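Content type mmCIF, C-alpha atoms, from the file structure_36.cif:
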```
data_protein
#
loop_
_atom_site.label_atom_id
_atom_site.label_comp_id
_atom_site.auth_asym_id
_atom_site.auth_seq_id
_atom_site.Cartn_x
_atom_site.Cartn_y
_atom_site.Cartn_z
CA MET E 1 -20.63 -183.66 89.67
CA LYS E 2 -23.88 -182.23 91.02
CA LEU E 3 -25.75 -184.06 88.26
CA LEU E 4 -24.03 -187.33 89.15
CA ILE E 5 -24.80 -186.95 92.87
CA SER E 6 -28.42 -186.12 92.05
CA SER E 7 -28.73 -189.21 89.87
CA LEU E 8 -27.25 -191.43 92.58
CA LEU E 9 -29.60 -190.02 95.21
CA THR E 10 -32.58 -190.54 92.91
CA GLY E 11 -31.56 -194.15 92.34
CA LEU E 12 -31.21 -194.78 96.06
CA LEU E 13 -34.60 -193.24 96.72
CA LEU E 14 -36.19 -195.44 94.06
CA LEU E 15 -34.63 -198.53 95.62
CA GLY E 16 -35.87 -197.47 99.03
CA THR E 17 -39.43 -197.08 97.77
CA ALA E 18 -39.51 -200.25 95.66
CA PRO E 19 -42.58 -202.44 96.15
CA VAL E 20 -42.54 -204.71 99.18
CA GLY E 21 -40.70 -207.87 98.33
CA ALA E 22 -39.02 -206.59 95.18
CA GLN E 23 -35.64 -206.74 96.91
CA LYS E 24 -36.12 -208.63 100.19
CA TYR E 25 -39.09 -210.98 99.84
CA PRO E 26 -39.27 -213.42 101.48
CA ASP E 27 -37.33 -212.74 104.65
CA LYS E 28 -39.56 -214.44 107.23
CA VAL E 29 -41.90 -217.40 107.63
CA ILE E 30 -44.79 -217.71 105.15
CA THR E 31 -48.10 -219.16 106.35
CA ILE E 32 -50.43 -221.05 104.04
CA VAL E 33 -53.92 -221.07 105.54
CA VAL E 34 -55.91 -224.22 104.74
CA PRO E 35 -59.68 -224.12 105.41
CA PHE E 36 -60.02 -227.79 106.36
CA ALA E 37 -58.69 -230.31 108.84
CA ALA E 38 -55.16 -231.67 108.88
CA GLY E 39 -54.96 -234.97 107.03
CA GLY E 40 -57.76 -234.12 104.62
CA PRO E 41 -57.34 -233.82 100.85
CA THR E 42 -56.83 -230.05 100.70
CA ASP E 43 -54.36 -230.21 103.57
CA THR E 44 -52.51 -233.01 101.75
CA VAL E 45 -52.18 -230.89 98.61
CA ALA E 46 -50.95 -227.92 100.66
CA ARG E 47 -48.26 -229.89 102.45
CA LEU E 48 -47.07 -231.52 99.23
CA VAL E 49 -46.50 -228.23 97.41
CA ALA E 50 -45.23 -226.36 100.48
CA ALA E 51 -42.07 -228.46 100.75
CA PRO E 52 -40.60 -227.67 97.30
CA MET E 53 -41.81 -224.07 97.55
CA THR E 54 -39.88 -223.79 100.82
CA ASN E 55 -36.74 -225.07 99.11
CA HIS E 56 -37.14 -222.68 96.20
CA LEU E 57 -37.88 -219.60 98.31
CA LYS E 58 -35.27 -220.53 100.93
CA THR E 59 -37.67 -219.66 103.72
CA GLN E 60 -39.95 -221.77 105.87
CA ILE E 61 -43.58 -222.28 104.87
CA ILE E 62 -45.95 -223.50 107.56
CA ILE E 63 -49.49 -224.82 107.17
CA GLU E 64 -52.22 -223.48 109.44
CA ASN E 65 -55.59 -225.23 109.44
CA VAL E 66 -58.39 -222.73 110.07
CA LEU E 67 -61.67 -224.63 110.16
CA GLY E 68 -65.30 -223.64 109.98
CA ALA E 69 -68.12 -222.34 107.78
CA GLY E 70 -67.15 -224.30 104.69
CA GLY E 71 -63.83 -222.53 104.35
CA THR E 72 -65.15 -218.98 104.61
CA ILE E 73 -63.48 -218.28 107.97
CA ALA E 74 -60.07 -219.13 106.53
CA ALA E 75 -60.73 -217.20 103.33
CA ASN E 76 -61.86 -214.13 105.27
CA ARG E 77 -58.75 -214.27 107.42
CA VAL E 78 -56.50 -214.12 104.36
CA ALA E 79 -58.68 -211.48 102.70
CA LYS E 80 -58.15 -209.26 105.76
CA ALA E 81 -54.45 -210.09 106.20
CA ALA E 82 -51.64 -207.65 105.45
CA PRO E 83 -50.96 -207.61 101.69
CA ASP E 84 -47.32 -208.60 102.04
CA GLY E 85 -47.25 -212.17 100.75
CA TYR E 86 -46.70 -213.79 104.14
CA THR E 87 -50.28 -215.05 104.63
CA LEU E 88 -51.62 -217.14 101.76
CA LEU E 89 -54.76 -219.17 101.15
CA LEU E 90 -54.85 -222.62 99.58
CA HIS E 91 -58.48 -223.40 98.85
CA HIS E 92 -60.44 -225.65 96.54
CA ILE E 93 -63.63 -225.39 94.51
CA GLY E 94 -65.27 -223.92 97.61
CA MET E 95 -63.97 -220.51 96.56
CA SER E 96 -66.38 -220.64 93.62
CA THR E 97 -69.35 -222.17 95.44
CA ALA E 98 -69.31 -219.86 98.48
CA PRO E 99 -70.83 -216.87 96.60
CA GLY E 100 -73.87 -219.03 95.80
CA LEU E 101 -74.08 -220.84 99.12
CA TYR E 102 -73.77 -217.89 101.49
CA ARG E 103 -76.20 -215.01 101.44
CA LYS E 104 -73.67 -212.69 103.09
CA LEU E 105 -69.98 -213.36 102.61
CA PRO E 106 -67.57 -211.14 104.58
CA TYR E 107 -65.34 -210.94 101.49
CA ASP E 108 -65.54 -210.82 97.72
CA ALA E 109 -64.20 -214.09 96.31
CA VAL E 110 -62.96 -212.41 93.12
CA ASN E 111 -61.94 -208.92 94.18
CA ASP E 112 -60.50 -209.40 97.68
CA PHE E 113 -57.63 -211.68 96.65
CA GLU E 114 -54.62 -211.72 94.38
CA PRO E 115 -54.66 -215.03 92.47
CA ILE E 116 -51.32 -216.83 92.32
CA GLY E 117 -52.18 -219.94 90.33
CA LEU E 118 -54.09 -223.17 89.94
CA ILE E 119 -52.51 -226.29 91.43
CA ASN E 120 -54.42 -229.39 90.35
CA GLU E 121 -57.80 -230.87 89.54
CA VAL E 122 -58.99 -233.83 91.58
CA PRO E 123 -61.62 -236.41 90.62
CA MET E 124 -64.13 -237.49 93.24
CA THR E 125 -65.44 -240.89 94.27
CA LEU E 126 -68.74 -242.02 95.71
CA VAL E 127 -67.89 -244.39 98.56
CA ALA E 128 -69.64 -246.21 101.41
CA LYS E 129 -68.74 -248.00 104.60
CA LYS E 130 -67.33 -251.47 104.00
CA ASP E 131 -70.41 -253.44 104.98
CA PHE E 132 -72.92 -251.32 103.05
CA PRO E 133 -75.35 -253.74 101.33
CA ALA E 134 -75.32 -252.41 97.74
CA LYS E 135 -72.79 -254.06 95.43
CA ASP E 136 -72.81 -251.49 92.59
CA LEU E 137 -74.22 -248.06 91.78
CA LYS E 138 -77.54 -249.32 90.44
CA GLU E 139 -78.11 -251.35 93.61
CA LEU E 140 -77.00 -248.36 95.67
CA ILE E 141 -79.53 -246.03 94.09
CA ALA E 142 -82.34 -248.53 94.54
CA TYR E 143 -81.34 -249.21 98.16
CA VAL E 144 -81.03 -245.52 98.99
CA LYS E 145 -84.44 -244.73 97.53
CA ALA E 146 -86.03 -247.55 99.53
CA ASN E 147 -84.26 -246.68 102.80
CA LYS E 148 -83.68 -242.94 102.58
CA ASP E 149 -84.75 -242.29 106.17
CA LYS E 150 -82.18 -244.76 107.50
CA ILE E 151 -79.16 -243.61 105.48
CA ASN E 152 -76.84 -240.70 106.14
CA LEU E 153 -74.40 -238.91 103.87
CA ALA E 154 -71.27 -237.35 105.35
CA ASN E 155 -69.55 -234.20 104.14
CA ALA E 156 -66.82 -231.81 105.23
CA GLY E 157 -69.23 -228.97 105.95
CA ILE E 158 -71.30 -226.50 103.94
CA GLY E 159 -69.39 -225.34 100.89
CA ALA E 160 -66.91 -228.20 100.95
CA ALA E 161 -66.36 -230.26 97.81
CA SER E 162 -67.91 -233.30 99.47
CA HIS E 163 -71.01 -231.24 100.28
CA LEU E 164 -71.32 -230.11 96.67
CA CYS E 165 -70.82 -233.62 95.29
CA GLY E 166 -73.31 -235.06 97.78
CA MET E 167 -75.85 -232.40 96.87
CA LEU E 168 -75.47 -233.21 93.17
CA PHE E 169 -75.84 -236.93 93.89
CA MET E 170 -79.07 -236.42 95.84
CA SER E 171 -80.35 -234.17 93.05
CA ALA E 172 -79.40 -236.71 90.39
CA ILE E 173 -81.35 -239.51 92.09
CA ASN E 174 -84.12 -237.16 93.29
CA THR E 175 -83.77 -238.36 96.88
CA ASP E 176 -82.96 -236.36 100.00
CA LEU E 177 -80.79 -238.00 102.65
CA THR E 178 -79.79 -237.03 106.16
CA THR E 179 -76.47 -235.19 105.82
CA VAL E 180 -73.80 -235.22 108.51
CA PRO E 181 -71.38 -232.26 108.30
CA TYR E 182 -67.84 -232.48 109.70
CA ASN E 183 -64.99 -230.01 110.06
CA GLY E 184 -63.08 -231.57 107.19
CA THR E 185 -63.15 -234.83 105.26
CA ALA E 186 -60.45 -236.48 107.41
CA PRO E 187 -62.82 -236.87 110.39
CA ALA E 188 -65.64 -237.78 107.99
CA MET E 189 -63.49 -240.55 106.54
CA ASN E 190 -62.60 -241.76 110.02
CA ASP E 191 -66.28 -242.18 110.83
CA LEU E 192 -66.94 -243.86 107.49
CA LEU E 193 -64.16 -246.34 108.25
CA GLY E 194 -65.67 -246.89 111.68
CA GLY E 195 -69.15 -247.42 110.25
CA GLN E 196 -70.71 -244.40 111.99
CA VAL E 197 -71.82 -242.92 108.63
CA ASP E 198 -72.98 -244.63 105.46
CA LEU E 199 -71.93 -242.63 102.41
CA LEU E 200 -69.40 -240.00 101.37
CA CYS E 201 -68.56 -238.36 98.06
CA ASP E 202 -64.95 -237.29 98.40
CA GLN E 203 -61.77 -236.49 96.53
CA THR E 204 -59.45 -239.25 95.36
CA THR E 205 -56.72 -237.63 97.47
CA ASN E 206 -58.67 -238.81 100.50
CA THR E 207 -60.17 -242.06 99.24
CA THR E 208 -57.72 -243.82 96.89
CA SER E 209 -55.61 -245.51 99.56
CA GLN E 210 -58.70 -246.65 101.46
CA ILE E 211 -60.28 -248.02 98.26
CA ARG E 212 -57.11 -249.89 97.32
CA ALA E 213 -56.92 -251.37 100.82
CA GLU E 214 -60.60 -252.41 100.47
CA LYS E 215 -61.48 -250.65 103.71
CA ILE E 216 -64.43 -248.93 102.05
CA LYS E 217 -66.73 -249.65 99.10
CA VAL E 218 -66.56 -247.55 95.95
CA TYR E 219 -69.36 -247.07 93.41
CA GLY E 220 -67.86 -244.73 90.84
CA VAL E 221 -65.50 -241.91 89.91
CA THR E 222 -66.81 -238.54 88.79
CA THR E 223 -64.74 -238.21 85.61
CA LYS E 224 -65.48 -238.83 81.93
CA LYS E 225 -62.89 -241.61 81.78
CA ARG E 226 -61.70 -244.18 84.29
CA LEU E 227 -58.67 -243.27 86.37
CA ALA E 228 -55.28 -244.90 85.89
CA SER E 229 -54.96 -244.99 89.68
CA LEU E 230 -58.29 -246.86 90.05
CA PRO E 231 -58.70 -248.70 86.73
CA LYS E 232 -61.35 -251.15 87.97
CA VAL E 233 -63.68 -248.42 89.25
CA PRO E 234 -66.32 -247.38 86.68
CA THR E 235 -67.24 -243.78 86.04
CA MET E 236 -70.53 -242.64 87.52
CA ASP E 237 -71.78 -242.19 83.97
CA GLU E 238 -71.07 -245.76 82.85
CA ALA E 239 -72.30 -247.14 86.17
CA GLY E 240 -75.73 -245.64 85.64
CA LEU E 241 -75.82 -241.89 86.41
CA LYS E 242 -75.53 -240.36 82.96
CA GLY E 243 -73.72 -237.04 82.78
CA PHE E 244 -72.64 -237.06 86.44
CA GLU E 245 -69.29 -235.31 86.42
CA VAL E 246 -67.49 -233.09 88.92
CA SER E 247 -63.87 -232.41 89.81
CA VAL E 248 -62.26 -230.44 92.59
CA TRP E 249 -59.56 -227.92 91.83
CA HIS E 250 -57.11 -226.34 94.24
CA ALA E 251 -55.47 -222.94 93.94
CA LEU E 252 -53.26 -220.49 95.80
CA TYR E 253 -54.17 -216.90 96.67
CA ALA E 254 -52.67 -213.87 98.42
CA SER E 255 -54.43 -210.88 99.96
CA LYS E 256 -55.67 -208.10 97.69
CA ALA E 257 -53.04 -205.47 96.89
CA THR E 258 -50.10 -207.81 97.47
CA PRO E 259 -47.42 -206.24 95.23
CA LYS E 260 -47.04 -207.80 91.80
CA PRO E 261 -43.32 -208.58 92.32
CA VAL E 262 -44.27 -210.67 95.36
CA VAL E 263 -47.10 -212.42 93.48
CA ASP E 264 -44.67 -213.18 90.65
CA ILE E 265 -42.15 -214.69 93.08
CA LEU E 266 -44.86 -216.89 94.59
CA MET E 267 -46.14 -217.89 91.16
CA LYS E 268 -42.66 -219.02 90.13
CA ALA E 269 -42.23 -220.98 93.38
CA LEU E 270 -45.58 -222.70 92.77
CA GLN E 271 -44.64 -223.59 89.20
CA VAL E 272 -41.35 -225.06 90.42
CA ALA E 273 -43.22 -227.10 93.04
CA LEU E 274 -45.64 -228.52 90.47
CA LYS E 275 -42.70 -229.86 88.46
CA ASN E 276 -41.13 -231.47 91.51
CA ALA E 277 -40.73 -235.24 91.04
CA THR E 278 -42.04 -236.10 94.50
CA VAL E 279 -45.10 -233.90 94.06
CA MET E 280 -45.87 -235.43 90.66
CA GLU E 281 -45.42 -238.95 92.02
CA ARG E 282 -47.58 -238.37 95.10
CA PHE E 283 -50.27 -236.64 93.06
CA ALA E 284 -50.35 -239.63 90.70
CA ASP E 285 -50.73 -241.99 93.66
CA LEU E 286 -53.70 -239.91 94.81
CA GLY E 287 -55.41 -239.93 91.43
CA THR E 288 -54.60 -236.38 90.36
CA GLU E 289 -51.87 -234.44 88.58
CA PRO E 290 -50.47 -230.89 88.58
CA VAL E 291 -51.93 -228.41 86.11
CA ALA E 292 -49.83 -227.26 83.15
CA GLU E 293 -47.52 -224.30 83.84
CA ASN E 294 -49.68 -221.89 81.85
CA ARG E 295 -52.55 -222.57 84.26
CA ALA E 296 -50.44 -221.99 87.37
CA THR E 297 -50.64 -218.24 86.81
CA PRO E 298 -52.69 -215.36 88.25
CA ALA E 299 -54.46 -214.70 84.94
CA ALA E 300 -55.48 -218.33 84.46
CA LEU E 301 -56.73 -218.66 88.02
CA ARG E 302 -58.71 -215.42 87.88
CA ALA E 303 -60.47 -216.52 84.68
CA HIS E 304 -61.11 -220.02 86.05
CA LEU E 305 -62.55 -218.73 89.33
CA LYS E 306 -64.96 -216.38 87.55
CA ALA E 307 -66.09 -219.16 85.19
CA GLU E 308 -66.65 -221.58 88.08
CA ILE E 309 -68.68 -219.02 90.04
CA ASP E 310 -70.85 -218.48 86.96
CA LYS E 311 -71.26 -222.26 86.61
CA TRP E 312 -72.09 -223.24 90.19
CA THR E 313 -74.12 -220.28 91.50
CA PRO E 314 -77.26 -221.04 89.45
CA ILE E 315 -76.99 -224.78 90.24
CA ILE E 316 -76.79 -224.08 93.98
CA LYS E 317 -79.64 -221.57 93.88
CA LYS E 318 -81.84 -223.98 91.94
CA ALA E 319 -81.20 -226.64 94.59
CA GLY E 320 -82.03 -224.16 97.34
CA ALA E 321 -78.81 -224.97 99.19
CA PHE E 322 -78.15 -221.81 101.13
CA ALA E 323 -76.27 -221.09 104.35
CA ASP E 324 -76.41 -218.02 106.57
#
```
Could you express the structure from this file as C-alpha cells?
Amino acid sequence: MKLLISSLLTGLLLLGTAPVGAQKYPDKVITIVVPFAAGGPTDTVARLVAAPMTNHLKTQIIIENVLGAGGTIAANRVAKAAPDGYTLLLHHIGMSTAPGLYRKLPYDAVNDFEPIGLINEVPMTLVAKKDFPAKDLKELIAYVKANKDKINLANAGIGAASHLCGMLFMSAINTDLTTVPYNGTAPAMNDLLGGQVDLLCDQTTNTTSQIRAEKIKVYGVTTKKRLASLPKVPTMDEAGLKGFEVSVWHALYASKATPKPVVDILMKALQVALKNATVMERFADLGTEPVAENRATPAALRAHLKAEIDKWTPIIKKAGAFAD
C-alpha cells in the first residue's frame, strides 16, 4: 500500500512539474507579432495562417503590427518575451539580412528564438507608377541610367525585402537611386499608386492584384520561371537582367527556451494551416504557395535561416549597406 501511494504521489508530482503547455497550452490569447504595417505582404500572410491556426488550437490568435528598424524592433520584442508560446514572431527574409545590415543587433537571430517552421516563399516584382515612361525592362534600365537624379525607389525600410531587392537592382545596373523608406510596403504601394514615388521592388502578395488591375506597370518577376498567376510578365532574367533572382520567405518563431511540447503544438497548428483550402487558394492568387510539410518544422527553419544568413551577409557587406 505504501508503495502504491508513493507511486501515485510521484506521478502527481511529475504532472505538476510538466513543461509549460504540455497539459494546458494554449489557454489564453496568442499574439503573432508582425514587423510591418497592416495590409502589407507579411501582414497578409500572417492573417491568412492565423485563422486556421486559431481553429485548430481552439484559442484566439491576434496580429500585432510592431513597426520600425526594418523589423528588428518586433524581433527584439519577441526575443525578450516570456518563453511560454503566447508571443510569436512572423517575419520574412529580414531575419537573415539583419545580421549583415545592422552593426549591433539587440538579439541573436539564430540563438534567441525557437524556430517553429517555414510558411512560404514569395516571388518579387519590379514595378513602377502607371505613367512611368519605360515600356519594358530594357527601356527602364536605359531611362533610369539617364535620369537617375530624378527617379526615386521606394522600400519598406532598411532590412525589408523591398529594400534588399531594390539594393540588388541598383547593384545589377550599377546605378544609385534616391531611396524612399516607408514603415511597410502597404504605405509604399499607396504612394506608388498615387504617383508620389517612381519604382518599387515588392512581393507578389502586395503587387499581383494591382498588376492585374493595370494600376501599376510591371517589368519582371524575380524567379527562374514565369508565374502561373502572372503568365504574361517575363522574368527579370529573360527581360534583360541575367541571373537576377530573389524570393522572400516567411517563417514563424517563438522566444528562446519555449518548451518543446509547446513548439510542437504550434508546429502542428502551422502545418494544418498550410493545408487549409482557403490558405492555399489565397496564396495561389497572390503568386505564392505554402511550403511542403517537411519544411514547416523547427529543424528545417533553423537550417534555412543559417544558410540564408551565410548567403546574404557577404552580399550586404560588399554593397556597403549598413544601418546603425
Fill in: Neighbour list for E:Ile62 as a list in words, cut-off 10 Å, all atoms listed in the file, skip fewer than 6 positions in-chain
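What passes the distance filter is Val29, Ile30, Thr31, Ile32, Val33, Ala46, Arg47, Ala50, Ala51, Thr54 and Thr87 of chain E.
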Worksheet item: What does the PyMOL selection byres ((chain E and resi 248) around 7) select in this file, as number ranges by chain?
Response: E: 92-93, 121-123, 161, 246-247, 249-250
Dump of C-alpha atoms for the selected residues, as a compact mmCIF listing (two decimals), keeping the file's coordinate frame:
```txt
# COMPACT_ATOMS: atom_id res chain seq x y z
CA HIS E 92 -60.44 -225.65 96.54
CA ILE E 93 -63.63 -225.39 94.51
CA GLU E 121 -57.80 -230.87 89.54
CA VAL E 122 -58.99 -233.83 91.58
CA PRO E 123 -61.62 -236.41 90.62
CA ALA E 161 -66.36 -230.26 97.81
CA VAL E 246 -67.49 -233.09 88.92
CA SER E 247 -63.87 -232.41 89.81
CA TRP E 249 -59.56 -227.92 91.83
CA HIS E 250 -57.11 -226.34 94.24
```
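Between E:Thr223 and the residues E:Leu126, E:Leu252, E:Ala307, E:Glu281, the shortest atom-to-atom distance, using all atoms listed in the file, involves E:Leu126.
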Item to complete: Enter the distance from atom CA of E:Pro181 to atom CA of E:Gly40, in Å, rounded to one decimal.
Response: 14.2 Å
Could you give me the axis-aligned bounding box of stretch 108-113 of chain E, with 3 Å of padding per side, as centre plus edge lengths in Å to one decimal, as JSON?
```
{"center_x": -61.6, "center_y": -211.5, "center_z": 95.4, "size_x": 13.9, "size_y": 11.2, "size_z": 10.6}
```
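Residues in contact with E:Ala188 at up to 10 Å, not including ones fewer than 3 positions away on its chain and judged by all atoms listed in the file, are Gly40, Leu153, Ala154, Asn155, Ala156, Gly157, Ser162, Val180, Pro181, Tyr182, Asn183, Gly184, Thr185, Asp191, Leu192, Leu193, Gly194, Gln196, Val197, Leu199, Leu200 and Asp202 of chain E.
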Practice prompt. Would you kindly return, as a ChimeraX atom specification, each protein, DNA or RNA residue with an atom no farther than 8 Å from any atom of E:Leu270, considering only C-alpha atoms and excluding same-chain residues fewer than 5 positions away?
Written response: /E:49,53,117,119,296
Discussion item. I'd like the neighbourhood of stretch 99-107 of chain E as a PyMOL selection string, where a residue qualifies if any of its atoms comes within 9 Å (using all atoms listed in the file), though same-chain residues fewer than 2 positions away should be ignored.
Written reply: chain E and resi 72-73+75-76+79-80+95-97+109-112+158-159+309+312-317+320-324
Discussion item. I'd like the interatomic distance between atom CA of E:Arg212 and atom CA of E:Leu227, to a tenth of an Å.
Written reply: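 That distance, rounded to one decimal, is 12.9 Å.
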Discussion item. I'd like to see the residues matched by the PyMOL selection byres ((chain E and resi 167) around 10) on this file, and ideally I'd get them as a list in words.
Written reply: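 With the PyMOL selection byres ((chain E and resi 167) around 10) on this model, the match is Leu153, Asn155, Ala161, Ser162, His163, Leu164, Cys165, Gly166, Leu168, Phe169, Met170, Ser171, Ala172, Thr175, Asp176, Leu177, Thr179, Cys201, Ile316, Ala319 and Ala321 of chain E.
Atom CA of E:Gln60 is found 25.9 Å from atom CA of E:Asn294.
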Worksheet item: With distances taken over only C-alpha atoms, which of E:Ala38, E:Ala228, E:Leu57, E:Ile141 is nearest to E:Glu289?
Response: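 Going through E:Ala38, E:Ala228, E:Leu57, E:Ile141 one by one, the smallest distance to E:Glu289 is for E:Ala228.
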Item to complete: Using all atoms listed in the file, pick whichever of E:Pro187, E:Gly195, E:Pro26, E:Pro115 has the shortest atom-to-atom distance to E:Ile151.
Response: E:Gly195
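For the residues E:Glu114, E:Pro234, E:Thr297, E:Thr125, ranking by smallest atom-to-atom distance to E:Ala269 using only C-alpha atoms places E:Thr297 first.
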Item to complete: Considering all atoms listed in the file, return as a list in words whatever protein or nucleic-acid residues lie within 8 Å of E:Asn276, sequence-local ones (same chain, fewer than 4 positions apart) excluded.
Response: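 Result of the neighbour search: Pro52, Val272 and Met280 of chain E.
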Just the selected residues (C-alpha atoms), exported as an mmCIF file, keeping the file's coordinate frame, please.
```
data_model
loop_
_atom_site.group_PDB
_atom_site.id
_atom_site.type_symbol
_atom_site.label_atom_id
_atom_site.label_comp_id
_atom_site.auth_asym_id
_atom_site.auth_seq_id
_atom_site.Cartn_x
_atom_site.Cartn_y
_atom_site.Cartn_z
ATOM 1 C CA PRO E 52 -40.600 -227.670 97.300
ATOM 2 C CA VAL E 272 -41.350 -225.060 90.420
ATOM 3 C CA MET E 280 -45.870 -235.430 90.660
#
```
